[in-house]
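J.: My structure file input_36.txt, compact mmCIF, C-alpha atoms, is below:
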# COMPACT_ATOMS: atom_id res chain seq x y z
CA MET V 20 -133.71 174.13 23.79
CA GLY V 21 -133.14 174.01 27.47
CA PHE V 22 -135.27 176.87 28.78
CA LYS V 23 -138.42 176.58 30.84
CA GLN V 24 -140.83 177.88 28.24
CA LYS V 25 -144.52 177.08 28.09
CA PRO V 26 -144.94 174.60 25.18
CA SER V 27 -148.08 176.40 23.98
CA TYR V 28 -145.89 179.35 22.90
CA LYS V 29 -143.68 177.03 20.86
CA TYR V 30 -146.77 175.75 19.03
CA LEU V 31 -147.94 179.32 18.48
CA ASN V 32 -144.51 180.37 17.20
CA PHE V 33 -144.46 177.38 14.84
CA ALA V 34 -147.96 178.14 13.55
CA ILE V 35 -147.28 181.86 13.02
CA SER V 36 -143.81 181.84 11.57
CA PHE V 37 -143.18 178.62 9.66
CA GLY V 38 -145.17 179.35 6.47
CA LEU V 39 -143.86 182.86 5.92
CA THR V 40 -140.28 181.88 6.78
CA MET V 41 -140.46 179.03 4.24
CA ALA V 42 -141.79 181.32 1.50
CA ILE V 43 -139.18 184.02 2.17
CA THR V 44 -136.30 181.50 2.28
CA VAL V 45 -137.26 179.92 -1.06
CA TYR V 46 -137.84 183.32 -2.72
CA LEU V 47 -134.58 184.84 -1.45
CA LEU V 48 -132.37 181.93 -2.45
CA PHE V 49 -134.13 181.55 -5.80
CA GLN V 50 -133.55 185.26 -6.58
CA GLY V 51 -129.96 185.08 -5.29
CA GLY V 52 -129.25 182.09 -7.51
CA ARG V 53 -130.82 183.79 -10.53
CA TRP V 54 -128.75 186.93 -9.92
CA LEU V 55 -125.55 184.87 -9.75
CA ASP V 56 -126.54 182.99 -12.93
CA ASN V 57 -127.04 186.31 -14.76
CA ARG V 58 -123.65 187.59 -13.57
CA LEU V 59 -121.69 184.43 -14.36
CA ASN V 60 -123.70 183.13 -17.34
CA THR V 61 -124.24 179.78 -15.67
CA ALA V 62 -128.05 179.48 -15.88
CA PRO V 63 -129.69 177.52 -14.32
CA VAL V 64 -126.97 176.11 -12.01
CA PHE V 65 -127.09 178.62 -9.13
CA MET V 66 -130.85 179.03 -9.36
CA LEU V 67 -131.31 175.29 -8.84
CA LEU V 68 -128.65 175.28 -6.12
CA GLY V 69 -130.47 178.15 -4.39
CA ILE V 70 -133.79 176.32 -4.50
CA LEU V 71 -132.19 173.12 -3.17
CA LEU V 72 -130.46 175.06 -0.38
CA ALA V 73 -133.77 176.75 0.51
CA ILE V 74 -135.55 173.39 0.66
CA ALA V 75 -132.76 172.00 2.87
CA THR V 76 -132.99 175.04 5.17
CA VAL V 77 -136.76 174.72 5.44
CA PHE V 78 -136.58 170.98 6.20
CA LYS V 79 -133.84 171.55 8.78
CA ARG V 80 -135.98 174.19 10.47
CA LEU V 81 -139.03 171.93 10.35
CA PHE V 82 -137.03 169.08 11.89
CA VAL V 83 -135.62 171.29 14.69
CA GLU V 84 -139.03 172.85 15.47
CA LEU V 85 -140.76 169.47 15.61
CA LYS V 86 -137.98 168.02 17.76
CA THR V 87 -138.31 170.93 20.21
CA LEU V 88 -142.08 170.47 20.38
CA ASP V 89 -141.61 166.71 20.85
CA ASP V 90 -139.07 167.27 23.66
CA ASN V 91 -141.43 169.72 25.37
CA SER V 92 -144.36 167.32 25.23
CA GLY V 93 -142.07 164.53 26.51
CA ASP V 94 -141.13 166.70 29.51
CA ASN V 95 -144.80 167.29 30.22
CA ASP V 96 -145.57 163.55 30.07
CA GLU V 97 -142.75 162.84 32.54
CA ASN V 98 -144.11 165.49 34.89
CA LYS V 99 -147.54 163.89 34.71
CA LEU V 100 -146.14 160.43 35.50
CA ASP V 101 -143.90 161.61 38.32
CA PRO V 102 -145.43 164.67 39.93
CA GLY V 103 -143.10 164.45 42.90
CA GLY V 104 -140.31 165.21 40.57
CA MET B 3 -168.98 195.46 -7.99
CA PHE B 4 -167.61 195.84 -11.51
CA PHE B 5 -168.74 199.44 -12.07
CA ALA B 6 -166.62 200.52 -9.14
CA THR B 7 -163.40 198.83 -10.28
CA PRO B 8 -161.84 201.95 -11.91
CA ALA B 9 -162.60 204.01 -8.79
CA TYR B 10 -161.05 201.31 -6.64
CA ALA B 11 -157.96 201.12 -8.85
CA ALA B 12 -157.55 204.91 -8.85
CA GLU B 13 -157.99 205.08 -5.07
CA ALA B 14 -155.51 202.25 -4.50
CA ALA B 15 -152.94 203.80 -6.86
CA GLU B 16 -153.40 207.18 -5.20
CA HIS B 17 -153.03 205.57 -1.78
CA GLY B 18 -149.86 203.77 -2.88
CA ALA B 19 -148.40 206.97 -4.31
CA GLU B 20 -149.03 208.84 -1.06
CA HIS B 21 -146.76 206.38 0.71
CA SER B 22 -143.65 207.64 -1.03
CA GLN B 23 -144.42 211.40 -1.08
CA ALA B 24 -142.02 213.65 0.84
CA LEU B 25 -143.54 216.57 2.76
CA PHE B 26 -140.30 218.54 3.25
CA SER B 27 -136.62 217.87 3.75
CA ILE B 28 -134.16 218.51 6.59
CA PHE B 29 -130.43 218.62 5.71
CA GLY B 30 -131.21 216.80 2.47
CA LEU B 31 -133.18 214.05 4.24
CA GLN B 32 -136.74 213.72 2.97
CA VAL B 33 -139.46 213.76 5.64
CA SER B 34 -142.65 211.91 4.69
CA SER B 35 -146.03 211.52 6.40
CA VAL B 36 -144.77 208.32 8.00
CA VAL B 37 -141.92 210.18 9.73
CA THR B 38 -144.13 213.02 10.98
CA THR B 39 -146.68 210.51 12.34
CA MET B 40 -143.89 208.63 14.09
CA TRP B 41 -142.65 211.89 15.63
CA GLY B 42 -146.18 212.66 16.80
CA LEU B 43 -146.54 209.21 18.35
CA MET B 44 -143.17 209.54 20.07
CA VAL B 45 -144.15 212.91 21.55
CA LEU B 46 -147.50 211.51 22.74
CA ILE B 47 -145.93 208.42 24.34
CA ILE B 48 -143.15 210.46 26.03
CA LEU B 49 -145.65 213.06 27.26
CA PHE B 50 -148.01 210.38 28.56
CA SER B 51 -145.16 208.56 30.35
CA TYR B 52 -143.92 211.84 31.85
CA LEU B 53 -147.36 212.85 33.12
CA ALA B 54 -148.06 209.37 34.49
CA THR B 55 -144.76 209.15 36.39
CA LYS B 56 -144.42 212.81 37.45
CA ARG B 57 -145.80 212.22 40.94
CA MET B 58 -145.26 208.52 41.38
CA ASN B 59 -146.49 206.80 44.52
CA LYS B 60 -146.01 203.24 45.67
CA VAL B 61 -149.78 202.90 45.80
CA PRO B 62 -150.94 204.74 42.67
CA GLU B 63 -153.17 207.72 43.38
CA SER B 64 -153.47 209.20 39.90
CA ARG B 65 -155.51 207.46 37.20
CA LEU B 66 -152.68 207.83 34.67
CA GLN B 67 -150.16 206.02 36.87
CA ASN B 68 -152.74 203.35 37.60
CA PHE B 69 -153.44 202.86 33.90
CA LEU B 70 -149.74 202.80 32.96
CA GLU B 71 -148.99 200.24 35.69
CA PHE B 72 -151.89 198.10 34.47
CA VAL B 73 -150.59 198.21 30.86
CA LEU B 74 -146.99 197.43 31.82
CA GLU B 75 -147.96 194.63 34.20
CA SER B 76 -150.14 193.09 31.47
CA ILE B 77 -147.20 193.15 29.04
CA LEU B 78 -144.93 191.62 31.68
CA GLU B 79 -147.46 188.85 32.31
CA LEU B 80 -147.48 188.24 28.57
CA LEU B 81 -143.69 188.02 28.30
CA THR B 82 -143.01 185.94 31.43
CA PRO B 83 -144.32 182.56 30.15
CA ILE B 84 -142.46 183.06 26.85
CA MET B 85 -139.19 183.80 28.66
CA GLY B 86 -139.90 181.10 31.23
CA ASP B 87 -138.86 183.30 34.17
CA GLU B 88 -140.06 186.69 35.47
CA LYS B 89 -136.50 187.79 36.29
CA LEU B 90 -135.43 187.14 32.68
CA ALA B 91 -138.56 188.83 31.34
CA LYS B 92 -137.82 191.93 33.45
CA ARG B 93 -134.26 192.08 32.08
CA TYR B 94 -135.44 192.48 28.47
CA PHE B 95 -138.70 194.20 29.37
CA PRO B 96 -137.72 197.81 28.41
CA LEU B 97 -136.90 196.84 24.81
CA LEU B 98 -139.79 194.43 24.31
CA ALA B 99 -142.45 196.60 25.96
CA SER B 100 -141.25 199.58 23.90
CA PHE B 101 -141.73 197.48 20.75
CA PHE B 102 -145.25 196.50 21.80
CA ILE B 103 -146.37 200.03 22.72
CA LEU B 104 -144.80 201.72 19.67
CA ILE B 105 -146.09 199.11 17.19
CA LEU B 106 -149.57 199.21 18.72
CA ALA B 107 -149.65 203.02 18.59
CA SER B 108 -148.32 202.95 14.99
CA ASN B 109 -150.94 200.41 13.90
CA TYR B 110 -153.76 202.40 15.51
CA ALA B 111 -152.52 205.65 13.91
CA GLY B 112 -153.85 204.20 10.65
CA LEU B 113 -157.38 204.16 12.10
CA LEU B 114 -157.46 207.90 12.77
CA PRO B 115 -159.78 209.89 10.48
CA GLY B 116 -157.92 210.96 7.35
CA ALA B 117 -154.94 208.68 7.95
CA GLY B 118 -153.25 207.90 4.64
CA HIS B 119 -155.12 210.76 2.93
CA LEU B 120 -154.21 213.87 4.92
CA PRO B 121 -150.60 215.02 4.50
CA GLY B 122 -148.55 214.29 7.62
CA LEU B 123 -150.74 211.46 8.93
CA GLN B 124 -150.13 207.85 7.98
CA ALA B 125 -149.67 204.60 9.92
CA PRO B 126 -145.87 204.16 10.18
CA THR B 127 -146.16 200.36 10.15
CA SER B 128 -147.78 200.49 6.69
CA THR B 129 -144.30 201.19 5.28
CA LEU B 130 -141.70 198.46 4.85
CA SER B 131 -138.80 200.73 5.86
CA VAL B 132 -140.29 201.24 9.35
CA THR B 133 -141.07 197.56 9.97
CA ALA B 134 -137.65 196.62 8.56
CA GLY B 135 -136.10 199.10 11.02
CA PHE B 136 -137.88 197.36 13.92
CA ALA B 137 -136.73 193.96 12.63
CA VAL B 138 -133.10 195.12 12.31
CA VAL B 139 -133.18 196.25 15.96
CA VAL B 140 -134.49 192.79 16.95
CA PHE B 141 -131.76 191.13 14.84
CA PHE B 142 -128.92 193.06 16.49
CA ALA B 143 -130.48 192.89 19.97
CA THR B 144 -130.79 189.10 19.71
CA HIS B 145 -127.12 188.64 18.85
CA TYR B 146 -125.99 191.29 21.35
CA TYR B 147 -127.87 189.67 24.25
CA GLY B 148 -126.76 186.21 23.11
CA LEU B 149 -123.11 187.28 23.10
CA LYS B 150 -123.49 189.16 26.40
CA THR B 151 -125.02 186.14 28.13
CA LYS B 152 -122.95 183.31 26.70
CA GLY B 153 -119.80 185.04 25.50
CA ILE B 154 -117.95 183.42 22.63
CA LYS B 155 -119.87 180.16 23.24
CA TYR B 156 -122.87 181.85 21.67
CA PHE B 157 -121.49 181.09 18.20
CA LYS B 158 -121.69 177.37 18.97
CA HIS B 159 -125.37 177.34 18.05
CA PHE B 160 -124.42 178.10 14.43
CA VAL B 161 -122.81 174.66 14.11
CA GLN B 162 -125.49 172.76 15.99
CA PRO B 163 -126.75 170.07 15.70
CA PHE B 164 -124.10 169.34 13.00
CA PRO B 165 -121.22 171.55 11.72
CA PHE B 166 -122.22 171.04 8.06
CA LEU B 167 -125.49 172.85 8.82
CA LEU B 168 -123.60 176.17 9.27
CA PRO B 169 -124.79 177.72 5.96
CA LEU B 170 -128.39 176.75 6.66
CA ASN B 171 -128.22 178.23 10.18
CA ILE B 172 -126.77 181.48 8.80
CA ILE B 173 -129.53 181.71 6.16
CA GLU B 174 -132.12 181.19 8.91
CA GLU B 175 -130.68 184.06 10.95
CA PHE B 176 -131.04 186.44 8.01
CA VAL B 177 -134.53 185.24 7.06
CA ARG B 178 -135.88 186.00 10.56
CA PRO B 179 -135.80 189.83 10.34
CA LEU B 180 -137.24 189.70 6.82
CA SER B 181 -140.08 187.49 7.98
CA LEU B 182 -140.74 189.76 10.99
CA SER B 183 -140.83 192.94 8.91
CA LEU B 184 -142.86 191.52 6.00
CA ARG B 185 -145.50 190.04 8.32
CA LEU B 186 -146.14 193.34 10.11
CA TYR B 187 -145.95 195.46 6.95
CA GLY B 188 -148.15 193.10 4.91
CA ASN B 189 -150.89 192.96 7.51
CA VAL B 190 -151.07 196.71 8.23
CA PHE B 191 -150.67 197.78 4.58
CA GLY B 192 -153.21 195.16 3.44
CA GLU B 193 -155.75 196.32 6.01
CA GLU B 194 -155.21 199.95 4.93
CA MET B 195 -155.69 199.06 1.27
CA VAL B 196 -158.92 197.17 1.98
CA VAL B 197 -160.30 200.12 3.98
CA ALA B 198 -159.28 202.51 1.18
CA SER B 199 -160.97 200.40 -1.50
CA LEU B 200 -164.14 199.97 0.58
CA PHE B 201 -164.13 203.73 1.18
CA ALA B 202 -163.90 204.25 -2.59
CA LEU B 203 -166.89 201.94 -3.16
CA ILE B 204 -169.25 203.38 -0.51
CA PRO B 205 -167.76 205.97 1.84
CA LEU B 206 -170.46 205.63 4.52
CA PHE B 207 -170.68 202.64 6.86
CA LEU B 208 -169.05 200.05 4.53
CA PRO B 209 -165.44 200.52 5.82
CA ILE B 210 -166.57 200.38 9.48
CA PRO B 211 -166.49 196.55 9.90
CA MET B 212 -162.99 196.46 8.37
CA MET B 213 -161.87 199.30 10.66
CA LEU B 214 -163.23 197.40 13.66
CA LEU B 215 -161.26 194.37 12.49
CA GLY B 216 -158.28 196.74 12.16
CA ILE B 217 -158.44 197.36 15.92
CA LEU B 218 -158.13 193.62 16.51
CA PHE B 219 -155.45 193.10 13.81
CA GLY B 220 -153.39 196.02 15.17
CA LEU B 221 -153.30 194.43 18.61
CA VAL B 222 -152.62 190.93 17.25
CA GLN B 223 -149.76 192.12 15.04
CA ALA B 224 -148.15 194.09 17.89
CA PHE B 225 -148.47 190.97 20.05
CA VAL B 226 -147.05 188.64 17.36
CA PHE B 227 -144.05 190.90 16.68
CA THR B 228 -143.27 191.25 20.40
CA MET B 229 -143.81 187.53 21.01
CA LEU B 230 -141.45 186.53 18.19
CA ALA B 231 -138.82 189.08 19.31
CA THR B 232 -139.10 187.64 22.86
CA LEU B 233 -138.75 184.10 21.53
CA TYR B 234 -135.65 184.97 19.48
CA ILE B 235 -134.01 186.68 22.47
CA SER B 236 -134.95 183.84 24.85
CA MET B 237 -133.56 181.25 22.42
CA ALA B 238 -130.33 183.25 21.99
CA THR B 239 -129.82 183.68 25.73
CA ALA B 240 -131.07 180.25 26.91
CA GLU B 241 -128.53 178.03 28.64
CA GLN B 242 -128.37 174.55 27.13
CA HIS B 243 -129.17 171.87 29.73
Could you write out this file's structure as structure tokens?
T.:
Amino acid sequence: MGFKQKPSYKYLNFAISFGLTMAITVYLLFQGGRWLDNRLNTAPVFMLLGILLAIATVFKRLFVELKTLDDNSGDNDENKLDPGG
Amino acid sequence: MFFATPAYAAEAAEHGAEHSQALFSIFGLQVSSVVTTMWGLMVLIILFSYLATKRMNKVPESRLQNFLEFVLESILELLTPIMGDEKLAKRYFPLLASFFILILASNYAGLLPGAGHLPGLQAPTSTLSVTAGFAVVVFFATHYYGLKTKGIKYFKHFVQPFPFLLPLNIIEEFVRPLSLSLRLYGNVFGEEMVVASLFALIPLFLPIPMMLLGILFGLVQAFVFTMLATLYISMATAEQH
């Protein structure tokens, strides 16, 4: 992200929200898949698809969050090396 | 511990049942203790704001105005580093500060004597429908401000970093309000249940440490909700460099 945010808040956001978001994503997509399986008599196809999609979403989020944190810390290092800007 | 288990279970069940009881109905809409408490809090906040700003001076002379300015400036100082810019923080300040004050007041309503037991008095944030309502407002506000700031380009972030990630990005958008509402509801409801069960065990002194922790948790949860709402809005409105 390109905004001038203090990196400590990104760490705090990551610490507070990642676990719960992961749990909710997996639960929602698992239940959604199970509901579709019950409707279409396709068990366990959609349930497994839901779980896989949830895992992909969680990993994508993890990757993006870590990349943002990495970029922020990189910016800070550059500032330290070249304080004149 | 074990001899008190039935009392604890009965108290917890009773406490849970009270959450869904309707006091009366208006035009077919049921009004519960949560709604009446929320009305009370709204009246108190509006009255306080009116009294504090009735005779406003540039240099505050009344204690109320001084206190209100201190509270609002503290919230602004809290939001500015998250937004990255004081001008930006001031733009979204009315919504975000309202969230903080209302959630804090709602959390602390649960610490009043008789809250959750007396009819008409119950912490509004101990009900999922209230916290979900807050989260829905954040959800729509985020997209509204994103669209207002960036126009149609706002939708570009749904296909970033790669277009095939569109479904995952959409799922993420819908998980956010759920996560916001469940976090606030879980913490406040959990704290209330622990106080209720401790009260059932030994009514005197035992619930006090948990109630003191409740003061801290109430503040932390109001801060976390406001901080996450600020982050979502700042991410939606941020210009990509």
J.: Which residues of chain B have any atom within 12 Å of an atom in chain V when counting all atoms listed in the file, and what is the closest pair of atoms for each, with the distance in Å to one decimal? Order the rows by chain and rising number and write it as a tab-separated table.
T.:
residue	atom	partner	partner_atom	distance
B:Leu80	CA	V:Tyr28	CA	10.7
B:Leu81	CA	V:Tyr28	CA	10.4
B:Thr82	CA	V:Gln24	CA	8.9
B:Pro83	CA	V:Lys25	CA	5.9
B:Ile84	CA	V:Gln24	CA	5.6
B:Met85	CA	V:Gln24	CA	6.2
B:Gly86	CA	V:Gln24	CA	4.5
B:Asp87	CA	V:Lys23	CA	7.5
B:Glu88	CA	V:Lys23	CA	11.2
B:Leu90	CA	V:Phe22	CA	11.0
B:Ala91	CA	V:Gln24	CA	11.6
B:His159	CA	V:Met20	CA	10.6
B:Gln162	CA	V:Val83	CA	10.3
B:Pro163	CA	V:Val83	CA	9.0
B:Phe164	CA	V:Lys79	CA	10.8
B:Phe166	CA	V:Lys79	CA	11.7
B:Leu167	CA	V:Lys79	CA	8.5
B:Leu168	CA	V:Thr76	CA	10.3
B:Pro169	CA	V:Thr76	CA	8.7
B:Leu170	CA	V:Thr76	CA	5.1
B:Asn171	CA	V:Thr76	CA	7.6
B:Ile172	CA	V:Thr76	CA	9.7
B:Ile173	CA	V:Thr76	CA	7.6
B:Glu174	CA	V:Thr76	CA	7.3
B:Glu175	CA	V:Thr44	CA	10.6
B:Phe176	CA	V:Thr44	CA	9.2
B:Val177	CA	V:Thr44	CA	6.3
B:Arg178	CA	V:Thr40	CA	7.1
B:Pro179	CA	V:Thr40	CA	9.8
B:Leu180	CA	V:Ile43	CA	7.6
B:Ser181	CA	V:Thr40	CA	5.7
B:Leu182	CA	V:Ser36	CA	8.5
B:Ser183	CA	V:Leu39	CA	10.9
B:Leu184	CA	V:Leu39	CA	8.7
B:Arg185	CA	V:Leu39	CA	7.7
B:Leu186	CA	V:Leu39	CA	11.5
B:Gly188	CA	V:Leu39	CA	11.1
B:Val222	CA	V:Ile35	CA	11.3
B:Gln223	CA	V:Ile35	CA	10.7
B:Phe225	CA	V:Ile35	CA	11.6
B:Val226	CA	V:Ile35	CA	8.1
B:Phe227	CA	V:Ile35	CA	10.3
B:Thr228	CA	V:Asn32	CA	11.4
B:Met229	CA	V:Asn32	CA	8.1
B:Leu230	CA	V:Asn32	CA	6.9
B:Ala231	CA	V:Asn32	CA	10.6
B:Thr232	CA	V:Asn32	CA	10.7
B:Leu233	CA	V:Asn32	CA	8.1
B:Tyr234	CA	V:Asn32	CA	10.2
B:Ile235	CA	V:Phe22	CA	11.7
B:Ser236	CA	V:Phe22	CA	8.0
B:Met237	CA	V:Met20	CA	7.3
B:Ala238	CA	V:Met20	CA	9.9
B:Thr239	CA	V:Phe22	CA	9.2
B:Ala240	CA	V:Phe22	CA	5.7
B:Glu241	CA	V:Gly21	CA	6.2
B:Gln242	CA	V:Gly21	CA	4.8
B:His243	CA	V:Gly21	CA	5.0
J.: Would you save the residues of that selection, restricted to C-alpha atoms, as a tab-separated table (two decimals), in the coordinates of the input?
T.:
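Listed below is the output, part.tsv:
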chain	number	residue	atom	x	y	z
B	80	LEU	CA	-147.48	188.24	28.57
B	81	LEU	CA	-143.69	188.02	28.30
B	82	THR	CA	-143.01	185.94	31.43
B	83	PRO	CA	-144.32	182.56	30.15
B	84	ILE	CA	-142.46	183.06	26.85
B	85	MET	CA	-139.19	183.80	28.66
B	86	GLY	CA	-139.90	181.10	31.23
B	87	ASP	CA	-138.86	183.30	34.17
B	88	GLU	CA	-140.06	186.69	35.47
B	90	LEU	CA	-135.43	187.14	32.68
B	91	ALA	CA	-138.56	188.83	31.34
B	159	HIS	CA	-125.37	177.34	18.05
B	162	GLN	CA	-125.49	172.76	15.99
B	163	PRO	CA	-126.75	170.07	15.70
B	164	PHE	CA	-124.10	169.34	13.00
B	166	PHE	CA	-122.22	171.04	8.06
B	167	LEU	CA	-125.49	172.85	8.82
B	168	LEU	CA	-123.60	176.17	9.27
B	169	PRO	CA	-124.79	177.72	5.96
B	170	LEU	CA	-128.39	176.75	6.66
B	171	ASN	CA	-128.22	178.23	10.18
B	172	ILE	CA	-126.77	181.48	8.80
B	173	ILE	CA	-129.53	181.71	6.16
B	174	GLU	CA	-132.12	181.19	8.91
B	175	GLU	CA	-130.68	184.06	10.95
B	176	PHE	CA	-131.04	186.44	8.01
B	177	VAL	CA	-134.53	185.24	7.06
B	178	ARG	CA	-135.88	186.00	10.56
B	179	PRO	CA	-135.80	189.83	10.34
B	180	LEU	CA	-137.24	189.70	6.82
B	181	SER	CA	-140.08	187.49	7.98
B	182	LEU	CA	-140.74	189.76	10.99
B	183	SER	CA	-140.83	192.94	8.91
B	184	LEU	CA	-142.86	191.52	6.00
B	185	ARG	CA	-145.50	190.04	8.32
B	186	LEU	CA	-146.14	193.34	10.11
B	188	GLY	CA	-148.15	193.10	4.91
B	222	VAL	CA	-152.62	190.93	17.25
B	223	GLN	CA	-149.76	192.12	15.04
B	225	PHE	CA	-148.47	190.97	20.05
B	226	VAL	CA	-147.05	188.64	17.36
B	227	PHE	CA	-144.05	190.90	16.68
B	228	THR	CA	-143.27	191.25	20.40
B	229	MET	CA	-143.81	187.53	21.01
B	230	LEU	CA	-141.45	186.53	18.19
B	231	ALA	CA	-138.82	189.08	19.31
B	232	THR	CA	-139.10	187.64	22.86
B	233	LEU	CA	-138.75	184.10	21.53
B	234	TYR	CA	-135.65	184.97	19.48
B	235	ILE	CA	-134.01	186.68	22.47
B	236	SER	CA	-134.95	183.84	24.85
B	237	MET	CA	-133.56	181.25	22.42
B	238	ALA	CA	-130.33	183.25	21.99
B	239	THR	CA	-129.82	183.68	25.73
B	240	ALA	CA	-131.07	180.25	26.91
B	241	GLU	CA	-128.53	178.03	28.64
B	242	GLN	CA	-128.37	174.55	27.13
B	243	HIS	CA	-129.17	171.87	29.73
J.: Could you please determine the separation between atom CA of B:Leu120 and atom CA of B:Ser35 in Å, to one decimal place?
T.: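 Taking atom CA of B:Leu120 and atom CA of B:Ser35, their separation equals 8.6 Å.
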J.: Just the number, please: distance in Å from atom CA of B:Thr151 to atom CA of B:Leu106, one decimal.
T.: 29.4 Å
J.: I'd like to know which of B:Asn109, B:Ala125, B:Phe72, B:Pro205 is closest to B:Leu218, using only C-alpha atoms.
T.: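 Comparing B:Asn109, B:Ala125, B:Phe72, B:Pro205 against B:Leu218, the winner is B:Asn109.
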J.: Given only C-alpha atoms as the basis, pick out the residue of B:Leu97, B:Lys155, B:Phe201, B:Tyr110 nearest to B:Leu215.
T.: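 Nearest candidate to B:Leu215 out of B:Leu97, B:Lys155, B:Phe201, B:Tyr110: B:Tyr110.
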J.: What is the distance between atom CA of V:Leu55 and atom CA of V:Gly69, in Å to one decimal?
T.: 9.9 Å
J.: In the coordinates of the file, take the point (-162.8, 204.6, 4.0) and a cut-off of 9 Å; then, counting only C-alpha atoms, name each qualifying protein, DNA or RNA residue as a PDB file with C-alpha atoms, in the coordinates of the input.
T.:
ATOM      1  CA  PRO B 115    -159.780 209.890  10.480  1.00  0.00           C
ATOM      2  CA  GLY B 116    -157.920 210.960   7.350  1.00  0.00           C
ATOM      3  CA  GLU B 194    -155.210 199.950   4.930  1.00  0.00           C
ATOM      4  CA  VAL B 196    -158.920 197.170   1.980  1.00  0.00           C
ATOM      5  CA  VAL B 197    -160.300 200.120   3.980  1.00  0.00           C
ATOM      6  CA  ALA B 198    -159.280 202.510   1.180  1.00  0.00           C
ATOM      7  CA  SER B 199    -160.970 200.400  -1.500  1.00  0.00           C
ATOM      8  CA  LEU B 200    -164.140 199.970   0.580  1.00  0.00           C
ATOM      9  CA  PHE B 201    -164.130 203.730   1.180  1.00  0.00           C
ATOM     10  CA  ALA B 202    -163.900 204.250  -2.590  1.00  0.00           C
ATOM     11  CA  LEU B 203    -166.890 201.940  -3.160  1.00  0.00           C
ATOM     12  CA  ILE B 204    -169.250 203.380  -0.510  1.00  0.00           C
ATOM     13  CA  PRO B 205    -167.760 205.970   1.840  1.00  0.00           C
ATOM     14  CA  LEU B 206    -170.460 205.630   4.520  1.00  0.00           C
ATOM     15  CA  PHE B 207    -170.680 202.640   6.860  1.00  0.00           C
ATOM     16  CA  LEU B 208    -169.050 200.050   4.530  1.00  0.00           C
ATOM     17  CA  PRO B 209    -165.440 200.520   5.820  1.00  0.00           C
ATOM     18  CA  ILE B 210    -166.570 200.380   9.480  1.00  0.00           C
ATOM     19  CA  MET B 213    -161.870 199.300  10.660  1.00  0.00           C
TER      20      MET B 213
END
J.: Could you list, as a ChimeraX atom specification, every residue within 8 Å of V:Ile70, counting all atoms listed in the file and ignoring same-chain residues fewer than 5 positions away?
T.: /V:45,48-49,52
J.: Please complete stretch 63-75 of chain V so it has N, CA and C atoms, and hand it over as a PDB file, keeping the file's coordinate frame.
T.:
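selection_6.pdb written:
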ATOM      1  N   PRO V  63    -128.947 177.222 -15.554  1.00  0.00           N
ATOM      2  CA  PRO V  63    -129.690 177.520 -14.320  1.00  0.00           C
ATOM      3  C   PRO V  63    -129.027 176.934 -13.058  1.00  0.00           C
ATOM      4  N   VAL V  64    -127.682 176.843 -13.073  1.00  0.00           N
ATOM      5  CA  VAL V  64    -126.970 176.110 -12.010  1.00  0.00           C
ATOM      6  C   VAL V  64    -127.245 176.705 -10.626  1.00  0.00           C
ATOM      7  N   PHE V  65    -126.958 178.008 -10.460  1.00  0.00           N
ATOM      8  CA  PHE V  65    -127.090 178.620  -9.130  1.00  0.00           C
ATOM      9  C   PHE V  65    -128.548 178.766  -8.695  1.00  0.00           C
ATOM     10  N   MET V  66    -129.419 178.939  -9.684  1.00  0.00           N
ATOM     11  CA  MET V  66    -130.850 179.030  -9.360  1.00  0.00           C
ATOM     12  C   MET V  66    -131.321 177.713  -8.737  1.00  0.00           C
ATOM     13  N   LEU V  67    -130.932 176.606  -9.369  1.00  0.00           N
ATOM     14  CA  LEU V  67    -131.310 175.290  -8.840  1.00  0.00           C
ATOM     15  C   LEU V  67    -130.655 175.038  -7.489  1.00  0.00           C
ATOM     16  N   LEU V  68    -129.358 175.449  -7.400  1.00  0.00           N
ATOM     17  CA  LEU V  68    -128.650 175.280  -6.120  1.00  0.00           C
ATOM     18  C   LEU V  68    -129.348 176.074  -5.008  1.00  0.00           C
ATOM     19  N   GLY V  69    -129.770 177.292  -5.353  1.00  0.00           N
ATOM     20  CA  GLY V  69    -130.470 178.150  -4.390  1.00  0.00           C
ATOM     21  C   GLY V  69    -131.760 177.501  -3.909  1.00  0.00           C
ATOM     22  N   ILE V  70    -132.514 176.962  -4.864  1.00  0.00           N
ATOM     23  CA  ILE V  70    -133.790 176.320  -4.500  1.00  0.00           C
ATOM     24  C   ILE V  70    -133.525 175.107  -3.603  1.00  0.00           C
ATOM     25  N   LEU V  71    -132.509 174.310  -3.975  1.00  0.00           N
ATOM     26  CA  LEU V  71    -132.190 173.120  -3.170  1.00  0.00           C
ATOM     27  C   LEU V  71    -131.748 173.517  -1.755  1.00  0.00           C
ATOM     28  N   LEU V  72    -130.926 174.581  -1.685  1.00  0.00           N
ATOM     29  CA  LEU V  72    -130.460 175.060  -0.380  1.00  0.00           C
ATOM     30  C   LEU V  72    -131.636 175.559   0.465  1.00  0.00           C
ATOM     31  N   ALA V  73    -132.575 176.241  -0.203  1.00  0.00           N
ATOM     32  CA  ALA V  73    -133.770 176.750   0.510  1.00  0.00           C
ATOM     33  C   ALA V  73    -134.586 175.581   1.046  1.00  0.00           C
ATOM     34  N   ILE V  74    -134.768 174.547   0.207  1.00  0.00           N
ATOM     35  CA  ILE V  74    -135.550 173.390   0.660  1.00  0.00           C
ATOM     36  C   ILE V  74    -134.859 172.720   1.845  1.00  0.00           C
ATOM     37  N   ALA V  75    -133.516 172.616   1.759  1.00  0.00           N
ATOM     38  CA  ALA V  75    -132.760 172.000   2.870  1.00  0.00           C
ATOM     39  C   ALA V  75    -132.921 172.831   4.146  1.00  0.00           C
TER      40      ALA V  75
END
